[in-house]
Amino acid sequence: MEIPEAGRVGAESMARLLGNWSPAGRPSAEALHSALRRLVLAGQLPPGTRLPPERELARRIGASRNLVTGALDRLREQGFVRSRRGAGSWIGLPPTAGGTADSGGWYPPREGESINFAQATPAAPTEVFEAVERVSEEFPARFHGHGYQPQGLTELRERVARRFEERGLPTDPDQVLITNGAQHAFALVLRTLLMPGQRVLLEHPTYPNALEAVRGVRALPLPVPMVEGRWDVELLEATLAQGAPRLAYLVPDFHNPTGALMSAAERERLGDALRRHRTTAVVDETLVDIDLSDEEPPPPLAAFAESRTITVGSASKSFWGGLRLGWLRAPHELVQRMVLGRAAIDLGSPVFEQLVLAELLEHADEASRRNRARIRCRRDCLVTALREHRPRWTFTLPEGGLSLWCHIGSRRAGRLVAAAEQRGVRLASPGRFAVEGDFEDRLRLPYSLPEDRLRQAVRRIAEADGSLTDSGASDLVT
Ligand SMILES: Cc1ncc(COP(=O)(O)O)c(C=O)c1O
């Protein structure tokens, strides 16, 4: 199938994108191949992008024509580049594109892959199986009516509302819309409130699929850097004032990927700024239950700017991603607009899973306590393994969430992702968390897998990293 043209990249832009592609000043076809592959995987050269002529590229990056041809030939073999005589070359979608480390890992394992470290998604705990059994017993009695409920089952909305109330945010069940996950909720919000070309403020780094959703509706991402792993509220205020974004997408409760938690004082100040600048915040609370600290949690951000927030939640991390259920909480009128808008997409969420989630929420405190204890052990296990195998890597111990945002000391993440892949570990390319730039000195390491897998993964990643160090490349700091 032909891939539609996605624009052209000139030799000069390509050279800029490639940056320091030849480690230690030793250019090789292999190094150029890896660098180009990385750019494709990180989405910086989207499928369909036309490439500059080989001769021009060679001249611009100071390499021989043969070297460039060698690198492109390999990319062609792998399906990353396609060419036609007279039409030049363009970026292709490799047959296993689904299986790339950078597509978020939503694809079946590839040959030789045994550890998926690209996602922070725990397997279902026993509570989910127990809830399924309980619901199965009573389900036949629920088989009445047509089963379509675009806003979601009343009893589930009531339980979601009650959870908000327990956290200090009084909520009417009619302010709740049940969705097929937090990502779906965010997509519904974007579809309802945003026009192409409008701006959306995002933390930088941010959750990659949220960024994809923003790009998908042709809105303009407005990144605000996290400074030393925390929010710079002054900078957020200034961006709200100057950038006038229509929406802000924020993950204040165990931010993905840094794991940071926004303080109550920061929430208050930000809530105030949202009201003043009339920007609506979509507050993603997907990770709120993965609280690994012993501190009293701050109130929900919505408690500080009720009319200017849409809160998005999910069953995925608290219980299981396979339920594919989430919710959003918003002012009544907005919920009704989204219920109507939803008719164009999916007409509602599955009834059986909603009953399972309602059942799980009924006993949520106990399940959550066990889940947090399990995740805390895994986090500590990952930290111990890293201190043993990669003592120079640094990170802030997250107060919650499911991943470490590691500083690996130099700009080699892309090559490390590729080397780990060869050892059967799929990592998320850190470029996916970036609105611009690449976070080449970072790696997100999830601690959602059982301990033995975590240790095995760290050993293999360290081995992969060692192979780069052996070639002298990892000490380059650029
Ligand atoms: C911050 C954040 N938002 C949303 C999601 C996706 O949630 P869901 O599975 O409910 O669509 C994730 C999953 O990792 C996440 O980390």
# chains A, B, ... in the order shown; residues from 1 in each chain; ligands from 1
>>> closest_atom_pairs(of="chain A", to="ligand 1", cutoff="6 Å", atoms="only C-alpha atoms and all ligand atoms", output="tab-separated table")
residue	atom	partner	partner_atom_place_in_ligand_line	distance
A:Gly181	CA	ligand 1	10 (O)	3.3
A:Ala182	CA	ligand 1	10 (O)	3.7
A:Gln183	CA	ligand 1	11 (O)	3.8
A:Tyr207	CA	ligand 1	1 (C)	5.5
A:Asn256	CA	ligand 1	1 (C)	5.3
A:Asp284	CA	ligand 1	3 (N)	5.9
A:Thr286	CA	ligand 1	3 (N)	5.2
A:Ser314	CA	ligand 1	10 (O)	4.4
A:Ser316	CA	ligand 1	9 (O)	4.9
A:Gly321	CA	ligand 1	9 (O)	5.2
A:Gly326	CA	ligand 1	10 (O)	5.3
>>> residues_around(residues="Val189 in chain A", least_positions_apart="4", cutoff="10 Å", atoms="only C-alpha atoms", output="ChimeraX atom specification")
/A:183-185,193-194,247,282,310,312,328,334-335,337-338,341
>>> residues_around(residues="Ala15 in chain A", least_positions_apart="5", cutoff="10 Å", atoms="only C-alpha atoms", output="NGL selection string")
:A and (9-10 or 20-21 or 57-62)
>>> residues_around(residues="Arg372 in chain A", least_positions_apart="2", cutoff="7 Å", atoms="only C-alpha atoms", output="short mmCIF file (atom, residue, chain, number, x, y, z; two decimals) with N, CA, C and O atoms, in the first residue's frame")
data_model
loop_
_atom_site.label_atom_id
_atom_site.label_comp_id
_atom_site.auth_asym_id
_atom_site.auth_seq_id
_atom_site.Cartn_x
_atom_site.Cartn_y
_atom_site.Cartn_z
N ILE A 290 -2.01 4.96 42.97
CA ILE A 290 -0.70 4.33 43.17
C ILE A 290 0.16 5.25 44.02
O ILE A 290 1.22 5.73 43.61
N ASP A 291 -0.33 5.52 45.22
CA ASP A 291 0.34 6.43 46.15
C ASP A 291 1.26 5.60 47.04
O ASP A 291 0.79 4.81 47.86
N LEU A 292 2.56 5.78 46.89
CA LEU A 292 3.51 4.93 47.61
C LEU A 292 4.08 5.64 48.84
O LEU A 292 4.99 5.13 49.48
N SER A 368 -6.83 -1.50 47.12
CA SER A 368 -5.84 -0.46 46.86
C SER A 368 -4.65 -0.60 47.82
O SER A 368 -3.50 -0.43 47.43
N ARG A 369 -4.95 -0.94 49.07
CA ARG A 369 -3.88 -1.10 50.05
C ARG A 369 -2.93 -2.23 49.61
O ARG A 369 -1.71 -2.08 49.61
N ARG A 370 -3.53 -3.35 49.15
CA ARG A 370 -2.69 -4.47 48.71
C ARG A 370 -1.91 -4.11 47.44
O ARG A 370 -0.74 -4.45 47.30
N ARG A 374 2.19 -4.07 46.97
CA ARG A 374 2.83 -4.87 45.92
C ARG A 374 3.73 -3.98 45.06
O ARG A 374 4.88 -4.29 44.79
N ILE A 375 3.17 -2.83 44.65
CA ILE A 375 3.92 -1.93 43.76
C ILE A 375 5.13 -1.33 44.49
O ILE A 375 6.21 -1.16 43.90
N ARG A 376 4.96 -1.05 45.78
CA ARG A 376 6.09 -0.48 46.53
C ARG A 376 7.26 -1.47 46.55
O ARG A 376 8.41 -1.09 46.33
#
>>> closest_residue(among="A:Ala244, A:Ala420, A:Cys381, A:Val217", to="Arg276 in chain A", atoms="only C-alpha atoms")
A:Ala244
>>> closest_residue(among="A:Gly400, A:Gly79, A:Pro46, A:Gly19", to="Glu295 in chain A", atoms="only C-alpha atoms")
A:Gly400
>>> select_by_dssp(residues="range 24-160 of chain A", states="strand (DSSP E or B)", output="PyMOL selection string")
chain A and resi 50+81-84+88-91+115-117
>>> residues_around(residues="Ala219 in chain A", least_positions_apart="6", cutoff="7 Å", atoms="only C-alpha atoms", output="ChimeraX atom specification")
/A:196-200
>>> write_last_selection(atoms="C-alpha atoms", output="short mmCIF file (atom, residue, chain, number, x, y, z; two decimals), in the first residue's frame")
data_model
loop_
_atom_site.label_atom_id
_atom_site.label_comp_id
_atom_site.auth_asym_id
_atom_site.auth_seq_id
_atom_site.Cartn_x
_atom_site.Cartn_y
_atom_site.Cartn_z
CA PRO A 196 -7.81 22.51 14.97
CA GLY A 197 -5.06 25.06 15.53
CA GLN A 198 -6.00 25.81 19.15
CA ARG A 199 -3.32 25.41 21.78
CA VAL A 200 -3.07 22.78 24.50
#
>>> residues_around(residues="Pro300 in chain A", least_positions_apart="3", cutoff="9 Å", atoms="only C-alpha atoms", output="ChimeraX atom specification")
/A:164,167-169,252-253,264,267,283,285,297,303-304,311
>>> closest_residue(among="A:Ala63, A:Ala273, A:Leu72, A:Leu156", to="Phe352 in chain A", atoms="only C-alpha atoms")
A:Leu156
